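This report refers to the structure that appears directly beneath it.
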Amino acid sequence: MLRSVMWGGVAVLGAGALGVIALHQGESINALWLLTAATCVYLIGYRFYAQFVAHRVLGVDGTRVTPAYRRDDGLDYVPTHGGVLFGHHFAAIAGAGPLIGPVLAAQMGYLPGMLWLLVGAVLGGCVQDMVVMFMSTRRSARSLGDMIRIELGTGVGVLAQVGILMIMLILLAVLGLVVVKALANSPWGTFTVLATIPIALLMGVYMRVLRPGRIGEGTMIGLILLLLSIVYGGDIAADAYWSDVFTLQPTTLAWALIIYGFAASVLPVWLLLAPRDYLSTFLKIGTVLLLAIGIVLTQPELKMPGLTKFIDGSGPVFAGALFPFLFITIACGAVSGFHALISSGTTPKMLASENHIAPIGYGAMLCESFVAMMALIAACALEPGLYFAMNSPAALIGTSAEQAASTISSWGFLVTPELLTQTARDVGESTILSRTGGAPTLAVAMAQVLSSFLGGQSMMAFWYHFAILFEALFILTTLDAGTRVGRFMIQDFLGQVSPALGNTRSWVGNLLATTLCVTGWGYFLYQGVADPLGGINSLWPLFGIANQMLAAIALVLVSVVLIKMKRERYVWVSLAPLTWLLICTLSAGWDKLFHDDVRIGFLSHAAKFKAALAQGDVLPPAGSLAQMQQIVINDYVNATLCATFMAIVVSVAILGLRAGLRALRVPSFTAQEEPA
Amino acid sequence: MIKRLFELMRLMVGVPDYDRFVAHQRAHHPDVPMISRAAFIAERQQARYGGKSQNRCC
């Protein structure tokens, strides 16, 4: 009785908050309303929908022995306390994606982003994470790729594997681009991020040689040095000589990242990768908590309107209309295909009971969605004119504060040149114009939130560089770790051609696979950096399409397995989000290929430059005919990649449909579970 | 509570409980020589970061 009253209260509160948001269109609104609405929706989603899926649809069985007990080895398979495992799983799925997507999506206003984060997570993303975790738990904690091979056949397995490798490369490229955009011409940021390399090396040696196994001590030392590097970065930026040394051009940074990615991934893991991952993991969790506390304490007003005119697709941050590009852009915070890899990886090896699947699988994704919501709130709490100045490419708003302010004001977002230069000065940068990629915007937004209760105006520059460092550190670690994973995947494929090259102990095979992997993401990174429209415009949608494609593949697997489990009555639980994802990815892919607007369609963009090339004209941004040629080639490469994503997702869907229909005709349970 | 917090922090970076591992080895593989805490952590680092497992997200 008391419980029903309580849940009734949560429902009324959530509906009330949503109502206030709906009635406040056209005026500013306090972030607290969004937080309240979100929290209530998440709670109700968890209490009712997650429990329904867990108990009715999946039939989780708390008495069934999990792989953690069955295969207990004290290393990979370890029955783990539910709360501890929740933290582990959340740390594994939390990344830069859910922070960046919503910031980019803010150009359409806070409303579309907020609604998709809520609906997408509760009905799509959380369900995917939880059900994949359940299925992996019932199959000795097998990986997503293995499960697809076993349940859907080798052909689909290979298709999924190719898709996973491609999404990996595009992910690394787009994350690299975010770092380049954040550090270009920023001596303070560049210094602090470079300083992480010697700090991590020192930690590595400390934890391996000086005090073997003392990872707590090593990490504390590293964190202190990291904070010092942010503080002294300000002096570096103020010094005439050193600020020159650390002021790097975007292309230089791109090359530096490519060389770094190659070098870092062949070093022993204890020396650089592991220590930096320790720093980045704790910094990430700490920052997310700090941001949550900050938003609750400071309760900022959202200055961005609920809806902007850019829902028609003419926005400067990314091109494309609300449908389907908002869904592709937000990606990770609502539904993330990548989570299907994590949920089928280490976590199921540590589940002590199937009863933990709903809180960990569904619950951790709710938290991820909440993090994305905070990023959206932070971006929308900025002055909209400032937001557009930071996120519009120089090709649109020019390179001086006066030009930018007058262009953006003409869009209907009033802003003065003084605000733009003052903000740059506050955060210790020479300019904040066209700092695209999402990370700098989030950093300015976080600096405003954090400095208003920790340190005041004078601490803004510190908090800005703290936020940049946190994102860059995380991304560099991902570049390193991702290159290693990509190398293994490539060696897997090479091994099918020539067993000698597939041997992971062979130096030649290793070097070849690393080179292929780094060249793969390096190509897209460099192309993005050279792109005058900012690169994010072409790369982020490709990444979003790839990520949602992976989610669609995971949901195809889930749907087929549900039918094989003879739970076809409930297959809509995965078919509904699957259908929506297919509609979104395929129509976004189609637009990226064939749209007439040259800002959206790769082929129409190529055609425009080809036509000019035939006339012997050089169109800006190209400076020469050779660059014109390069732009045309890039367009074709992007178009091919996009078409491949679409081909993979369509084939998997058709093969999945066939497998599903076949399973429908069989009257008995045919899923390949490990017997209880 | 504090113990759980430390367990959580270690597990977040992929290092499970060493004492539990020791207990497991004693109980199930008494003939296998025990490895030190440092060697245990080194083994876990290689397993987590070597590239064979996907443990990072976007």
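Following the order of the structure tokens, chains are lettered A, B, ..., residues in each are numbered from 1, and ligands are numbered from 1.
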Exercise for review: Can you check which residues of chain A have any atom within 7 Å of chain B? Use only C-alpha atoms and format it as a ChimeraX atom specification.
Suggested key: /A:73-75,84,87-88,91-97,212-213,269-270,274,278,338-339,341-342,478,481,484-485,488
Practice item. Compile the contact shell of stretch 579-584 of chain A as a PyMOL selection string: residues with an atom at most 10 Å away, counting only C-alpha atoms, same-chain residues fewer than 6 positions apart removed. Key: chain A and resi 120+124+323-328+335+545+548-553+555-556+572+590+646+649-650+653
Take the residues just selected and output them with N, CA and C atoms as a CSV table (one decimal), in the first residue's frame.
```csv
chain,number,residue,atom,x,y,z
A,120,GLY,N,14.7,6.8,-25.5
A,120,GLY,CA,15.7,5.9,-26.0
A,120,GLY,C,16.3,5.0,-25.0
A,124,GLY,N,15.0,1.5,-25.1
A,124,GLY,CA,15.9,0.9,-26.1
A,124,GLY,C,17.2,0.5,-25.5
A,323,PHE,N,14.8,14.6,-37.7
A,323,PHE,CA,14.7,13.2,-38.1
A,323,PHE,C,15.5,13.0,-39.4
A,324,PRO,N,16.5,12.1,-39.4
A,324,PRO,CA,16.9,11.2,-38.4
A,324,PRO,C,18.2,11.6,-37.7
A,325,PHE,N,18.7,12.9,-37.9
A,325,PHE,CA,20.0,13.1,-37.5
A,325,PHE,C,20.1,13.4,-36.0
A,326,LEU,N,19.1,13.8,-35.3
A,326,LEU,CA,19.1,14.0,-33.9
A,326,LEU,C,19.5,12.7,-33.2
A,327,PHE,N,18.8,11.6,-33.7
A,327,PHE,CA,18.9,10.3,-33.1
A,327,PHE,C,20.3,9.7,-33.3
A,328,ILE,N,20.8,10.0,-34.5
A,328,ILE,CA,22.2,9.5,-34.9
A,328,ILE,C,23.2,10.3,-34.1
A,335,VAL,N,20.9,5.0,-26.8
A,335,VAL,CA,21.2,3.6,-27.2
A,335,VAL,C,22.6,3.5,-27.7
A,545,ILE,N,26.0,6.5,-37.0
A,545,ILE,CA,25.3,5.5,-37.8
A,545,ILE,C,26.0,4.1,-37.5
A,548,GLN,N,24.8,3.0,-33.9
A,548,GLN,CA,23.4,2.5,-33.9
A,548,GLN,C,23.2,1.2,-34.8
A,549,MET,N,24.1,1.1,-35.8
A,549,MET,CA,24.1,-0.1,-36.6
A,549,MET,C,24.4,-1.3,-35.7
A,550,LEU,N,25.5,-1.1,-34.8
A,550,LEU,CA,25.9,-2.2,-33.9
A,550,LEU,C,24.8,-2.5,-33.0
A,551,ALA,N,24.1,-1.5,-32.5
A,551,ALA,CA,22.9,-1.7,-31.6
A,551,ALA,C,21.9,-2.5,-32.3
A,552,ALA,N,21.6,-2.2,-33.6
A,552,ALA,CA,20.6,-2.9,-34.4
A,552,ALA,C,21.0,-4.4,-34.5
A,553,ILE,N,22.3,-4.7,-34.7
A,553,ILE,CA,22.8,-6.1,-34.9
A,553,ILE,C,22.5,-6.8,-33.5
A,555,LEU,N,20.3,-6.1,-31.3
A,555,LEU,CA,18.9,-6.4,-31.1
A,555,LEU,C,18.3,-7.4,-32.0
A,556,VAL,N,18.9,-7.6,-33.2
A,556,VAL,CA,18.5,-8.7,-34.1
A,556,VAL,C,18.8,-10.0,-33.3
A,572,TRP,N,8.3,-8.1,-29.0
A,572,TRP,CA,8.2,-6.7,-29.3
A,572,TRP,C,9.1,-5.9,-28.4
A,590,TRP,N,21.0,6.9,-46.0
A,590,TRP,CA,20.5,7.3,-47.3
A,590,TRP,C,20.8,8.8,-47.5
A,646,MET,N,25.4,0.3,-44.2
A,646,MET,CA,24.0,0.1,-44.5
A,646,MET,C,23.8,-1.4,-45.0
A,649,VAL,N,24.0,-3.8,-42.1
A,649,VAL,CA,22.8,-3.8,-41.2
A,649,VAL,C,21.6,-4.5,-41.9
A,650,VAL,N,21.5,-4.2,-43.3
A,650,VAL,CA,20.4,-4.8,-44.0
A,650,VAL,C,20.6,-6.3,-44.1
A,653,ALA,N,19.8,-7.9,-40.8
A,653,ALA,CA,18.4,-7.9,-40.5
A,653,ALA,C,17.7,-9.0,-41.3
```
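If you count only C-alpha atoms and ignore residues fewer than 3 places along the chain from stretch 449-462 of chain A, what sits within 7 Å of it is Ile230, Val231, Gly294, Ile295, Thr298, Asp426, Val427, Gly428, Ala445, Met446, His465 and Phe466 of chain A.
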Practice item. Output as a PyMOL selection string all residues of stretch 125-160 of chain A that backbone DSSP marks as helix (DSSP H, G or I). Key: chain A and resi 125-137+144-152+154-160
For those residues, write C-alpha atoms to a file as a PDB file, in the first residue's frame.
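Result went into selection.pdb, see below:
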```
ATOM      1  CA  GLY A 125      19.417   1.232 -24.694  1.00  0.00           C
ATOM      2  CA  CYS A 126      18.823  -0.129 -21.208  1.00  0.00           C
ATOM      3  CA  VAL A 127      16.863  -3.085 -22.575  1.00  0.00           C
ATOM      4  CA  GLN A 128      19.628  -3.898 -25.039  1.00  0.00           C
ATOM      5  CA  ASP A 129      22.326  -3.789 -22.349  1.00  0.00           C
ATOM      6  CA  MET A 130      20.332  -5.881 -19.915  1.00  0.00           C
ATOM      7  CA  VAL A 131      19.156  -8.559 -22.340  1.00  0.00           C
ATOM      8  CA  VAL A 132      22.580  -8.992 -23.936  1.00  0.00           C
ATOM      9  CA  MET A 133      24.025  -9.377 -20.436  1.00  0.00           C
ATOM     10  CA  PHE A 134      21.382 -11.978 -19.622  1.00  0.00           C
ATOM     11  CA  MET A 135      22.035 -13.947 -22.798  1.00  0.00           C
ATOM     12  CA  SER A 136      25.780 -13.863 -22.285  1.00  0.00           C
ATOM     13  CA  THR A 137      25.333 -15.036 -18.680  1.00  0.00           C
ATOM     14  CA  LEU A 144      28.576 -10.736 -28.634  1.00  0.00           C
ATOM     15  CA  GLY A 145      30.451 -11.982 -31.712  1.00  0.00           C
ATOM     16  CA  ASP A 146      30.461 -15.570 -30.441  1.00  0.00           C
ATOM     17  CA  MET A 147      26.772 -15.471 -29.584  1.00  0.00           C
ATOM     18  CA  ILE A 148      25.919 -14.138 -33.047  1.00  0.00           C
ATOM     19  CA  ARG A 149      27.978 -16.913 -34.651  1.00  0.00           C
ATOM     20  CA  ILE A 150      26.327 -19.610 -32.571  1.00  0.00           C
ATOM     21  CA  GLU A 151      22.720 -18.407 -32.751  1.00  0.00           C
ATOM     22  CA  LEU A 152      22.645 -16.812 -36.214  1.00  0.00           C
ATOM     23  CA  THR A 154      28.958 -18.036 -39.179  1.00  0.00           C
ATOM     24  CA  GLY A 155      28.001 -15.711 -42.057  1.00  0.00           C
ATOM     25  CA  VAL A 156      26.261 -13.221 -39.788  1.00  0.00           C
ATOM     26  CA  GLY A 157      29.134 -13.605 -37.339  1.00  0.00           C
ATOM     27  CA  VAL A 158      31.666 -12.488 -39.958  1.00  0.00           C
ATOM     28  CA  LEU A 159      29.460  -9.567 -41.032  1.00  0.00           C
ATOM     29  CA  ALA A 160      29.177  -8.439 -37.413  1.00  0.00           C
TER      30      ALA A 160
END
```
**Study point:** Pairwise distance for atom CA of A:Gln51 and atom CA of A:Val573, rounded to one decimal in Å
**Key:**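 Interatomic distance here is 12.6 Å.
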Point to revise | Who sits within 12 Å of A:Gln249, only C-alpha atoms, same chain under 6 positions skipped, as a list in words | key: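 My list of contacting residues is Val180, Lys181, Ala182, Leu183, Ala184, Asn185, Ser186, Pro187, Thr190, Trp255, Ala256, Val529 and Ala530 of chain A.
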Exercise for review: Using atom CA of A:Thr644 and atom CA of A:Leu177 as the two end points, give the distance in Å to one decimal.
Suggested key: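 Answer for the atom CA of A:Thr644 to atom CA of A:Leu177 separation: 22.3 Å.
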Point to revise | Spatial neighbours of stretch 34-50 of chain A, max dist 6 Å, only C-alpha atoms, sep filter under 5 positions, as a PyMOL selection string | key: chain A and resi 10+14+17-18+122
Exercise for review: Determine, counting only C-alpha atoms, which protein, DNA and RNA residues have an atom within 12 Å of an atom of A:Thr192; residues of the same chain fewer than 6 positions away are not included. Present the result as a list of chain:residue names.
Suggested key: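 Close residues of A:Thr192: A:Leu183, A:Ser186, A:Pro198, A:Ile199, A:Leu225, A:Leu226, A:Leu227, A:Leu228, A:Ser229, A:Ile230, A:Val231, A:Tyr232, A:Gly233, A:Gly234, A:Asp235, A:Ile236, A:Ala237, A:Phe246, A:Phe462, A:Tyr464, A:His465, A:Phe466, A:Ala467, A:Ile468, A:Leu469, A:Phe470, A:Glu471, A:Ala472, A:Leu473.
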Practice item. Between atom CA of A:Arg665 and atom CA of A:Ser140, measure the distance and give it in Å to one decimal. Key: 27.3 Å
Check your understanding: Which of these residues is nearest to A:Thr196, using only C-alpha atoms: A:Thr477, A:Ser336, A:Ser400, A:Ser353?
Key ->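 Checking each of A:Thr477, A:Ser336, A:Ser400, A:Ser353 against A:Thr196, counting only C-alpha atoms, the winner is A:Thr477.
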